[in-house]
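Visitor: Coordinates in model.cif, mmCIF, C-alpha atoms, are listed below.
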```
data_input
#
loop_
_atom_site.label_atom_id
_atom_site.label_comp_id
_atom_site.auth_asym_id
_atom_site.auth_seq_id
_atom_site.Cartn_x
_atom_site.Cartn_y
_atom_site.Cartn_z
CA MET A 1 -3.03 -1.89 -47.17
CA ASN A 2 0.66 -1.24 -47.66
CA ARG A 3 3.30 -1.63 -44.95
CA ARG A 4 3.79 2.12 -44.45
CA ARG A 5 0.08 2.68 -43.88
CA LYS A 6 -0.06 -0.18 -41.35
CA VAL A 7 2.87 1.28 -39.44
CA SER A 8 1.24 4.73 -39.41
CA ILE A 9 -2.02 3.30 -38.06
CA ALA A 10 -0.17 1.34 -35.37
CA ILE A 11 1.70 4.46 -34.26
CA ALA A 12 -1.54 6.45 -34.15
CA ILE A 13 -3.23 3.81 -32.00
CA ALA A 14 -0.26 3.72 -29.64
CA ILE A 15 -0.32 7.50 -29.27
CA LEU A 16 -4.06 7.44 -28.59
CA PHE A 17 -3.65 4.71 -25.97
CA VAL A 18 -0.86 6.57 -24.16
CA SER A 19 -2.90 9.77 -24.28
CA LEU A 20 -5.92 8.07 -22.72
CA ILE A 21 -3.78 6.76 -19.86
CA ALA A 22 -2.04 10.10 -19.37
CA VAL A 23 -5.30 12.01 -18.97
CA GLU A 24 -7.06 9.22 -17.06
CA HIS A 25 -9.94 8.98 -19.54
CA PRO A 26 -13.16 7.66 -17.89
CA SER A 27 -12.84 4.43 -19.86
CA VAL A 28 -9.37 3.87 -18.42
CA GLN A 29 -10.61 4.61 -14.91
CA PHE A 30 -13.42 2.09 -15.41
CA VAL A 31 -10.96 -0.62 -16.43
CA LYS A 32 -8.70 0.17 -13.49
CA ARG A 33 -11.59 -0.04 -11.05
CA GLY A 34 -12.55 -3.38 -12.53
CA ILE A 35 -9.03 -4.74 -12.15
CA ALA A 36 -8.74 -3.37 -8.64
CA THR A 37 -11.87 -5.15 -7.42
CA LEU A 38 -10.99 -8.64 -8.64
CA GLY A 39 -9.07 -9.81 -5.58
CA VAL A 40 -7.10 -13.05 -5.43
CA ILE A 41 -6.01 -15.17 -2.48
CA ASP A 42 -2.60 -16.78 -2.80
CA SER A 43 -1.55 -20.02 -1.22
CA GLN A 44 -0.41 -19.66 2.37
CA TYR A 45 3.14 -19.79 3.69
CA THR A 46 4.54 -20.59 7.09
CA LEU A 47 6.88 -17.69 7.66
CA VAL A 48 10.13 -17.33 9.51
CA GLY A 49 12.08 -14.21 10.36
CA LEU A 50 9.10 -11.93 10.98
CA THR A 51 9.93 -9.45 13.70
CA ASP A 52 7.43 -8.50 16.39
CA VAL A 53 5.43 -5.29 16.19
CA ARG A 54 7.95 -2.49 16.54
CA SER A 55 7.70 0.84 18.30
CA THR A 56 8.10 2.54 14.91
CA ASP A 57 5.17 0.67 13.33
CA HIS A 58 1.87 2.40 12.65
CA VAL A 59 -0.90 0.46 14.36
CA ARG A 60 -4.69 0.62 14.17
CA GLY A 61 -7.39 -1.44 15.83
CA ASP A 62 -7.21 -3.57 18.96
CA ARG A 63 -3.61 -3.56 20.21
CA SER A 64 -4.40 -6.32 22.72
CA SER A 65 -5.75 -8.72 20.09
CA PRO A 66 -3.97 -12.06 19.53
CA ILE A 67 -4.60 -11.51 15.81
CA ALA A 68 -2.33 -9.02 14.06
CA LEU A 69 -2.48 -8.23 10.36
CA ILE A 70 0.77 -6.84 9.01
CA GLU A 71 0.12 -5.10 5.71
CA TYR A 72 3.03 -4.61 3.31
CA SER A 73 1.85 -2.19 0.65
CA ASP A 74 2.80 0.46 -1.89
CA PHE A 75 1.12 3.87 -2.21
CA GLU A 76 1.51 3.55 -6.00
CA CYS A 77 -0.37 0.24 -6.07
CA LEU A 78 -3.97 0.19 -7.35
CA MET A 79 -4.71 -3.09 -5.60
CA CYS A 80 -3.40 -1.66 -2.31
CA ALA A 81 -5.71 1.32 -2.68
CA ALA A 82 -8.66 -0.98 -3.40
CA MET A 83 -7.83 -3.03 -0.31
CA GLN A 84 -8.08 -0.16 2.15
CA ASP A 85 -11.87 -0.20 2.53
CA THR A 86 -11.72 -3.88 3.44
CA LEU A 87 -9.00 -3.27 6.04
CA ASP A 88 -10.79 -0.22 7.45
CA ARG A 89 -13.95 -2.25 7.89
CA LEU A 90 -12.03 -5.12 9.46
CA VAL A 91 -10.36 -3.05 12.20
CA THR A 92 -13.66 -1.30 12.90
CA GLU A 93 -15.82 -4.42 13.15
CA LYS A 94 -13.44 -7.09 14.48
CA PRO A 95 -10.96 -7.31 17.38
CA VAL A 96 -7.82 -7.32 15.26
CA MET A 97 -4.68 -5.21 15.10
CA LEU A 98 -3.50 -3.78 11.77
CA VAL A 99 0.17 -2.88 11.29
CA SER A 100 1.19 -0.86 8.23
CA ARG A 101 4.56 -1.40 6.51
CA HIS A 102 5.96 -0.69 3.06
CA LEU A 103 6.74 -2.90 0.08
CA PHE A 104 7.87 -1.89 -3.40
CA PRO A 105 10.38 -2.81 -6.12
CA ASP A 106 13.91 -1.58 -5.52
CA THR A 107 13.73 0.66 -8.59
CA ALA A 108 10.42 2.33 -7.63
CA LYS A 109 11.70 5.75 -6.55
CA GLN A 110 8.24 7.35 -6.41
CA SER A 111 6.98 4.58 -4.13
CA PHE A 112 9.99 5.05 -1.87
CA ASP A 113 9.55 8.84 -1.77
CA LEU A 114 5.85 8.58 -0.88
CA ALA A 115 6.59 6.04 1.85
CA VAL A 116 9.24 8.36 3.31
CA ALA A 117 6.80 11.27 3.18
CA ALA A 118 4.16 9.23 5.05
CA GLU A 119 6.69 8.14 7.68
CA CYS A 120 7.78 11.74 8.20
CA VAL A 121 4.16 12.79 8.71
CA GLY A 122 3.82 9.98 11.24
CA LYS A 123 7.01 10.97 13.02
CA HIS A 124 5.92 14.56 13.52
CA GLY A 125 2.15 14.09 13.69
CA GLY A 126 1.56 10.65 15.20
CA ASP A 127 -0.34 7.57 14.05
CA GLU A 128 -3.58 9.44 13.33
CA ALA A 129 -1.78 11.89 11.04
CA TYR A 130 0.01 8.97 9.34
CA THR A 131 -3.30 7.18 8.74
CA ALA A 132 -4.94 10.32 7.34
CA PHE A 133 -1.98 11.01 5.07
CA ALA A 134 -1.87 7.41 3.87
CA LYS A 135 -5.58 7.58 3.05
CA TYR A 136 -4.93 10.76 1.07
CA LEU A 137 -2.19 9.05 -0.93
CA TYR A 138 -4.42 6.08 -1.73
CA ASP A 139 -7.55 8.12 -2.51
CA ASP A 140 -6.16 11.15 -4.34
CA ARG A 141 -3.82 9.45 -6.72
CA HIS A 142 -3.95 12.17 -9.39
CA ASP A 143 -2.54 14.85 -7.08
CA GLN A 144 -0.29 12.83 -4.83
CA GLY A 145 2.83 13.32 -6.93
CA THR A 146 2.83 17.11 -6.77
CA ASP A 147 4.90 18.76 -4.07
CA ARG A 148 2.30 21.50 -3.61
CA ALA A 149 -0.57 19.07 -3.02
CA ILE A 150 1.47 17.04 -0.55
CA GLU A 151 2.57 20.14 1.35
CA GLN A 152 -1.02 21.34 1.61
CA LYS A 153 -2.10 17.99 3.02
CA VAL A 154 0.82 17.92 5.47
CA ALA A 155 -0.04 21.42 6.72
CA SER A 156 -3.72 20.47 7.13
CA LEU A 157 -2.64 17.67 9.48
CA GLY A 158 -0.86 20.14 11.75
CA VAL A 159 2.66 19.05 10.81
CA SER A 160 5.28 21.75 10.38
CA LEU A 161 6.38 21.98 6.75
CA GLN A 162 9.90 22.78 7.89
CA ASP A 163 10.04 19.63 10.02
CA PHE A 164 8.46 17.58 7.24
CA GLN A 165 10.82 18.79 4.52
CA SER A 166 13.88 18.33 6.71
CA CYS A 167 12.76 14.80 7.57
CA VAL A 168 12.12 13.83 3.95
CA ILE A 169 15.56 15.02 2.87
CA ARG A 170 17.79 14.26 5.84
CA ASP A 171 16.27 11.67 8.16
CA SER A 172 18.37 8.58 7.49
CA VAL A 173 16.49 6.60 10.18
CA ILE A 174 13.22 7.05 8.27
CA HIS A 175 14.88 6.20 4.96
CA ASN A 176 16.34 3.02 6.43
CA LYS A 177 13.02 2.03 8.01
CA VAL A 178 11.24 2.25 4.66
CA ARG A 179 13.95 0.20 2.93
CA GLU A 180 14.00 -2.41 5.70
CA ASP A 181 10.21 -2.77 5.64
CA SER A 182 10.33 -3.55 1.93
CA LYS A 183 13.31 -5.86 2.23
CA GLU A 184 11.56 -7.79 4.99
CA GLY A 185 8.35 -8.15 2.98
CA TRP A 186 10.12 -9.68 -0.02
CA GLN A 187 12.12 -12.00 2.23
CA LEU A 188 8.91 -13.22 3.86
CA GLY A 189 7.61 -14.46 0.53
CA ALA A 190 5.66 -11.57 -0.97
CA GLN A 191 5.02 -11.93 -4.69
CA GLY A 192 3.60 -8.44 -5.02
CA THR A 193 1.46 -5.88 -3.23
CA PRO A 194 -0.53 -5.82 -1.11
CA TYR A 195 0.90 -8.63 0.98
CA ILE A 196 -0.73 -9.44 4.32
CA VAL A 197 0.87 -11.45 7.09
CA VAL A 198 -1.61 -12.77 9.65
CA VAL A 199 0.02 -13.32 13.04
CA TYR A 200 -1.93 -15.37 15.57
CA ASN A 201 -0.42 -15.67 19.06
CA GLY A 202 3.03 -15.13 17.61
CA ARG A 203 2.74 -17.54 14.68
CA PRO A 204 2.85 -15.79 11.29
CA ILE A 205 1.09 -17.03 8.18
CA GLY A 206 1.18 -15.15 4.89
CA ILE A 207 -1.58 -14.54 2.39
CA SER A 208 -2.05 -12.02 -0.36
CA TYR A 209 -5.46 -10.44 -0.14
CA ALA A 210 -9.09 -10.53 -1.18
CA ASN A 211 -10.84 -7.24 -1.84
CA ASN A 212 -14.17 -8.82 -0.96
CA TYR A 213 -14.59 -8.29 2.78
CA ASP A 214 -16.44 -11.54 3.49
CA ASP A 215 -13.89 -13.63 1.53
CA PHE A 216 -10.98 -11.98 3.30
CA LEU A 217 -12.55 -12.40 6.73
CA SER A 218 -13.29 -16.07 6.01
CA ARG A 219 -9.69 -16.62 4.97
CA ILE A 220 -8.34 -15.03 8.13
CA THR A 221 -10.75 -17.07 10.27
CA ALA A 222 -9.65 -20.29 8.58
CA LEU A 223 -5.96 -19.46 9.08
CA VAL A 224 -6.47 -18.72 12.76
CA ALA A 225 -8.35 -22.01 13.22
CA GLU A 226 -5.43 -23.92 11.67
CA VAL A 227 -2.88 -22.62 14.19
CA ARG A 228 -4.96 -22.75 17.37
#
```
Starting from the file, give its structure as structure tokens.
Guide:
Amino acid sequence: MNRRRKVSIAIAIAILFVSLIAVEHPSVQFVKRGIATLGVIDSQYTLVGLTDVRSTDHVRGDRSSPIALIEYSDFECLMCAAMQDTLDRLVTEKPVMLVSRHLFPDTAKQSFDLAVAAECVGKHGGDEAYTAFAKYLYDDRHDQGTDRAIEQKVASLGVSLQDFQSCVIRDSVIHNKVREDSKEGWQLGAQGTPYIVVVYNGRPIGISYANNYDDFLSRITALVAEVR
């Protein structure tokens, strides 16, 4: 096989691969689901500089619990999306508090824009609207980037589109909150998303995640036992 033919075949394969990803072929979705369910637990860190739960944080679960899980995540992250069922089950079945914050690379404009959109929904609709909108972003990844789809979801949550659009464009407080969340997460030792900080009676310890509910719960239990 001559060099020109090899190059042509390589280009054809590359085009096919890109096309499969672009259209989310079932085989690609299968691979993504497989990757997203692996789950890895990183080594733990003793953290410094973590601020307390803030009035602007979005909180679910038992607010009086001595155990708080602070989740730094990215709406563009497949692993973050895969983690949500585990976190939902945890706050439903156990007396823990879950705090949602944002984490993404500095150059990830789409991640930043989606985080701002979620915060604006939360500002004008409350924590329940924020949680519902966040779930939409994680679950409906194919439509989340379209303005029309986002506006429809915002309206369905009872948030004024005028307020939402003004917030997304002009609310510097929201923009700064999203940036500061991400900056804080990286400074605390995150190596990627999702990054979970377990806080027990004011002492923070960082882990990554485990998509398996039982593994994740065991890890949290072990961490809490270490700092009692």
Visitor: With all atoms listed in the file counted and 9 Å as the cut-off, give the residues of range 149-207 of chain A in contact with range 76-80 of chain A, each with its shortest interatomic distance in Å and the pair that gives it, as JSON lines.
Guide:
```
{"residue": "A:Thr193", "atom": "CA", "partner": "A:Cys80", "partner_atom": "CA", "distance": 6.5}
{"residue": "A:Pro194", "atom": "CA", "partner": "A:Cys80", "partner_atom": "CA", "distance": 5.2}
{"residue": "A:Tyr195", "atom": "CA", "partner": "A:Cys80", "partner_atom": "CA", "distance": 8.8}
```
Visitor: Choose the residue, out of A:Val224, A:Ala68, A:Val53, A:Met83, that has the smallest atom-to-atom separation from Asn212 in chain A; count all atoms listed in the file.
Guide: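 Selected residue with least distance to Asn212 in chain A: A:Met83.
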Visitor: Would you mind listing what lies within 12 Å of range 174-181 of chain A as a ChimeraX atom specification, with all atoms listed in the file counted and same-chain residues fewer than 6 positions away left out?
Guide: /A:50-51,53-57,70-74,99-109,111-124,164,166-168,187-188,190,195
Visitor: Keeping C-alpha atoms for every residue in the selection just given, could you write it to a file as a PDB file, in the frame of the given file?
Guide:
```pdb
ATOM      1  CA  LEU A  50       9.100 -11.930  10.980  1.00  0.00           C
ATOM      2  CA  THR A  51       9.930  -9.450  13.700  1.00  0.00           C
ATOM      3  CA  VAL A  53       5.430  -5.290  16.190  1.00  0.00           C
ATOM      4  CA  ARG A  54       7.950  -2.490  16.540  1.00  0.00           C
ATOM      5  CA  SER A  55       7.700   0.840  18.300  1.00  0.00           C
ATOM      6  CA  THR A  56       8.100   2.540  14.910  1.00  0.00           C
ATOM      7  CA  ASP A  57       5.170   0.670  13.330  1.00  0.00           C
ATOM      8  CA  ILE A  70       0.770  -6.840   9.010  1.00  0.00           C
ATOM      9  CA  GLU A  71       0.120  -5.100   5.710  1.00  0.00           C
ATOM     10  CA  TYR A  72       3.030  -4.610   3.310  1.00  0.00           C
ATOM     11  CA  SER A  73       1.850  -2.190   0.650  1.00  0.00           C
ATOM     12  CA  ASP A  74       2.800   0.460  -1.890  1.00  0.00           C
ATOM     13  CA  VAL A  99       0.170  -2.880  11.290  1.00  0.00           C
ATOM     14  CA  SER A 100       1.190  -0.860   8.230  1.00  0.00           C
ATOM     15  CA  ARG A 101       4.560  -1.400   6.510  1.00  0.00           C
ATOM     16  CA  HIS A 102       5.960  -0.690   3.060  1.00  0.00           C
ATOM     17  CA  LEU A 103       6.740  -2.900   0.080  1.00  0.00           C
ATOM     18  CA  PHE A 104       7.870  -1.890  -3.400  1.00  0.00           C
ATOM     19  CA  PRO A 105      10.380  -2.810  -6.120  1.00  0.00           C
ATOM     20  CA  ASP A 106      13.910  -1.580  -5.520  1.00  0.00           C
ATOM     21  CA  THR A 107      13.730   0.660  -8.590  1.00  0.00           C
ATOM     22  CA  ALA A 108      10.420   2.330  -7.630  1.00  0.00           C
ATOM     23  CA  LYS A 109      11.700   5.750  -6.550  1.00  0.00           C
ATOM     24  CA  SER A 111       6.980   4.580  -4.130  1.00  0.00           C
ATOM     25  CA  PHE A 112       9.990   5.050  -1.870  1.00  0.00           C
ATOM     26  CA  ASP A 113       9.550   8.840  -1.770  1.00  0.00           C
ATOM     27  CA  LEU A 114       5.850   8.580  -0.880  1.00  0.00           C
ATOM     28  CA  ALA A 115       6.590   6.040   1.850  1.00  0.00           C
ATOM     29  CA  VAL A 116       9.240   8.360   3.310  1.00  0.00           C
ATOM     30  CA  ALA A 117       6.800  11.270   3.180  1.00  0.00           C
ATOM     31  CA  ALA A 118       4.160   9.230   5.050  1.00  0.00           C
ATOM     32  CA  GLU A 119       6.690   8.140   7.680  1.00  0.00           C
ATOM     33  CA  CYS A 120       7.780  11.740   8.200  1.00  0.00           C
ATOM     34  CA  VAL A 121       4.160  12.790   8.710  1.00  0.00           C
ATOM     35  CA  GLY A 122       3.820   9.980  11.240  1.00  0.00           C
ATOM     36  CA  LYS A 123       7.010  10.970  13.020  1.00  0.00           C
ATOM     37  CA  HIS A 124       5.920  14.560  13.520  1.00  0.00           C
ATOM     38  CA  PHE A 164       8.460  17.580   7.240  1.00  0.00           C
ATOM     39  CA  SER A 166      13.880  18.330   6.710  1.00  0.00           C
ATOM     40  CA  CYS A 167      12.760  14.800   7.570  1.00  0.00           C
ATOM     41  CA  VAL A 168      12.120  13.830   3.950  1.00  0.00           C
ATOM     42  CA  GLN A 187      12.120 -12.000   2.230  1.00  0.00           C
ATOM     43  CA  LEU A 188       8.910 -13.220   3.860  1.00  0.00           C
ATOM     44  CA  ALA A 190       5.660 -11.570  -0.970  1.00  0.00           C
ATOM     45  CA  TYR A 195       0.900  -8.630   0.980  1.00  0.00           C
TER      46      TYR A 195
END
```
Visitor: Choose the residue, out of A:Gly158, A:Pro95, A:Gly206, A:Gly61, that has the smallest atom-to-atom separation from Ala132 in chain A; count all atoms listed in the file.
Guide: A:Gly158
Visitor: Rounded to one decimal, what separation in Å do you get between CA of His58 in chain A and CA of Val154 in chain A?
Guide: 17.1 Å
Visitor: Suppose a student applies the PyMOL selection byres ((chain A and resi 223) around 10) to this structure; what residues should they get, written as a ChimeraX atom specification?
Guide: /A:44,198-200,204-207,217-222,224-228
Visitor: Create the file for the chosen residues now, containing C-alpha atoms and written as a compact mmCIF listing (two decimals), in the frame of the given file.
Guide:
```txt
# COMPACT_ATOMS: atom_id res chain seq x y z
CA GLN A 44 -0.41 -19.66 2.37
CA VAL A 198 -1.61 -12.77 9.65
CA VAL A 199 0.02 -13.32 13.04
CA TYR A 200 -1.93 -15.37 15.57
CA PRO A 204 2.85 -15.79 11.29
CA ILE A 205 1.09 -17.03 8.18
CA GLY A 206 1.18 -15.15 4.89
CA ILE A 207 -1.58 -14.54 2.39
CA LEU A 217 -12.55 -12.40 6.73
CA SER A 218 -13.29 -16.07 6.01
CA ARG A 219 -9.69 -16.62 4.97
CA ILE A 220 -8.34 -15.03 8.13
CA THR A 221 -10.75 -17.07 10.27
CA ALA A 222 -9.65 -20.29 8.58
CA VAL A 224 -6.47 -18.72 12.76
CA ALA A 225 -8.35 -22.01 13.22
CA GLU A 226 -5.43 -23.92 11.67
CA VAL A 227 -2.88 -22.62 14.19
CA ARG A 228 -4.96 -22.75 17.37
```
Visitor: How many Å separate CA of Leu90 in chain A from CA of Leu69 in chain A?
Guide: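 Taking CA of Leu90 in chain A and CA of Leu69 in chain A, their separation equals 10.1 Å.
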Visitor: Put a box with edges along x, y and z around all the listed atoms of range 185-198 of chain A, pad it by 3 Å on each side, then give me its centre and sizes in Å, one decimal, as JSON.
Guide:
```
{"center_x": 5.3, "center_y": -10.1, "center_z": 2.3, "size_x": 19.7, "size_y": 14.6, "size_z": 20.7}
```
Visitor: Quick one: pull the distance between CA of Ser156 in chain A and CA of Leu137 in chain A, Å, one decimal.
Guide: 14.1 Å
Visitor: Since the input is missing atoms for range 109-135 of chain A, could you rebuild it with N, CA, C and O atoms and give the result as a short mmCIF file (atom, residue, chain, number, x, y, z; two decimals), in the coordinates of the input?
Guide:
```
data_model
loop_
_atom_site.label_atom_id
_atom_site.label_comp_id
_atom_site.auth_asym_id
_atom_site.auth_seq_id
_atom_site.Cartn_x
_atom_site.Cartn_y
_atom_site.Cartn_z
N LYS A 109 11.33 4.57 -7.32
CA LYS A 109 11.70 5.75 -6.55
C LYS A 109 10.47 6.50 -6.03
O LYS A 109 10.45 6.99 -4.90
N GLN A 110 9.42 6.63 -6.85
CA GLN A 110 8.24 7.35 -6.41
C GLN A 110 7.59 6.65 -5.21
O GLN A 110 7.16 7.30 -4.26
N SER A 111 7.54 5.33 -5.26
CA SER A 111 6.98 4.58 -4.13
C SER A 111 7.79 4.81 -2.86
O SER A 111 7.24 5.00 -1.77
N PHE A 112 9.11 4.80 -3.01
CA PHE A 112 9.99 5.05 -1.87
C PHE A 112 9.77 6.46 -1.32
O PHE A 112 9.63 6.65 -0.11
N ASP A 113 9.72 7.45 -2.21
CA ASP A 113 9.55 8.84 -1.77
C ASP A 113 8.22 9.04 -1.04
O ASP A 113 8.16 9.76 -0.03
N LEU A 114 7.15 8.44 -1.53
CA LEU A 114 5.85 8.58 -0.88
C LEU A 114 5.84 7.89 0.48
O LEU A 114 5.24 8.39 1.43
N ALA A 115 6.50 6.74 0.57
CA ALA A 115 6.59 6.04 1.85
C ALA A 115 7.36 6.87 2.87
O ALA A 115 6.97 6.98 4.04
N VAL A 116 8.46 7.49 2.44
CA VAL A 116 9.24 8.36 3.31
C VAL A 116 8.40 9.54 3.76
O VAL A 116 8.40 9.92 4.95
N ALA A 117 7.65 10.14 2.84
CA ALA A 117 6.80 11.27 3.18
C ALA A 117 5.77 10.87 4.25
O ALA A 117 5.56 11.59 5.23
N ALA A 118 5.15 9.70 4.07
CA ALA A 118 4.16 9.23 5.05
C ALA A 118 4.81 9.00 6.41
O ALA A 118 4.23 9.36 7.46
N GLU A 119 6.00 8.40 6.41
CA GLU A 119 6.69 8.14 7.68
C GLU A 119 7.06 9.45 8.37
O GLU A 119 7.01 9.54 9.61
N CYS A 120 7.43 10.45 7.61
CA CYS A 120 7.78 11.74 8.20
C CYS A 120 6.56 12.42 8.79
O CYS A 120 6.64 13.06 9.85
N VAL A 121 5.41 12.28 8.13
CA VAL A 121 4.16 12.79 8.71
C VAL A 121 3.86 12.06 10.02
O VAL A 121 3.49 12.68 11.02
N GLY A 122 4.04 10.75 10.03
CA GLY A 122 3.82 9.98 11.24
C GLY A 122 4.77 10.35 12.35
O GLY A 122 4.37 10.43 13.52
N LYS A 123 6.01 10.61 12.01
CA LYS A 123 7.01 10.97 13.02
C LYS A 123 6.64 12.27 13.72
O LYS A 123 6.76 12.39 14.95
N HIS A 124 6.18 13.24 12.95
CA HIS A 124 5.92 14.56 13.52
C HIS A 124 4.44 14.80 13.84
O HIS A 124 4.13 15.80 14.50
N GLY A 125 3.56 13.89 13.43
CA GLY A 125 2.15 14.09 13.69
C GLY A 125 1.46 12.94 14.41
O GLY A 125 0.31 13.08 14.82
N GLY A 126 2.15 11.80 14.52
CA GLY A 126 1.56 10.65 15.20
C GLY A 126 0.82 9.71 14.26
O GLY A 126 0.70 9.96 13.06
N ASP A 127 0.31 8.61 14.85
CA ASP A 127 -0.34 7.57 14.05
C ASP A 127 -1.59 8.07 13.33
O ASP A 127 -1.87 7.66 12.20
N GLU A 128 -2.36 8.94 13.97
CA GLU A 128 -3.58 9.44 13.33
C GLU A 128 -3.24 10.27 12.09
O GLU A 128 -3.91 10.17 11.06
N ALA A 129 -2.20 11.09 12.19
CA ALA A 129 -1.78 11.89 11.04
C ALA A 129 -1.24 10.97 9.93
O ALA A 129 -1.51 11.19 8.75
N TYR A 130 -0.50 9.93 10.33
CA TYR A 130 0.01 8.97 9.34
C TYR A 130 -1.15 8.31 8.60
O TYR A 130 -1.14 8.21 7.37
N THR A 131 -2.16 7.85 9.34
CA THR A 131 -3.30 7.18 8.74
C THR A 131 -4.05 8.10 7.79
O THR A 131 -4.42 7.70 6.68
N ALA A 132 -4.24 9.35 8.19
CA ALA A 132 -4.94 10.32 7.34
C ALA A 132 -4.13 10.62 6.08
O ALA A 132 -4.69 10.73 4.97
N PHE A 133 -2.83 10.73 6.23
CA PHE A 133 -1.98 11.01 5.07
C PHE A 133 -1.94 9.81 4.13
O PHE A 133 -1.98 9.96 2.90
N ALA A 134 -1.86 8.62 4.69
CA ALA A 134 -1.87 7.41 3.87
C ALA A 134 -3.18 7.31 3.09
O ALA A 134 -3.18 6.96 1.89
N LYS A 135 -4.28 7.61 3.72
CA LYS A 135 -5.58 7.58 3.05
C LYS A 135 -5.60 8.58 1.89
O LYS A 135 -6.11 8.30 0.81
#
```
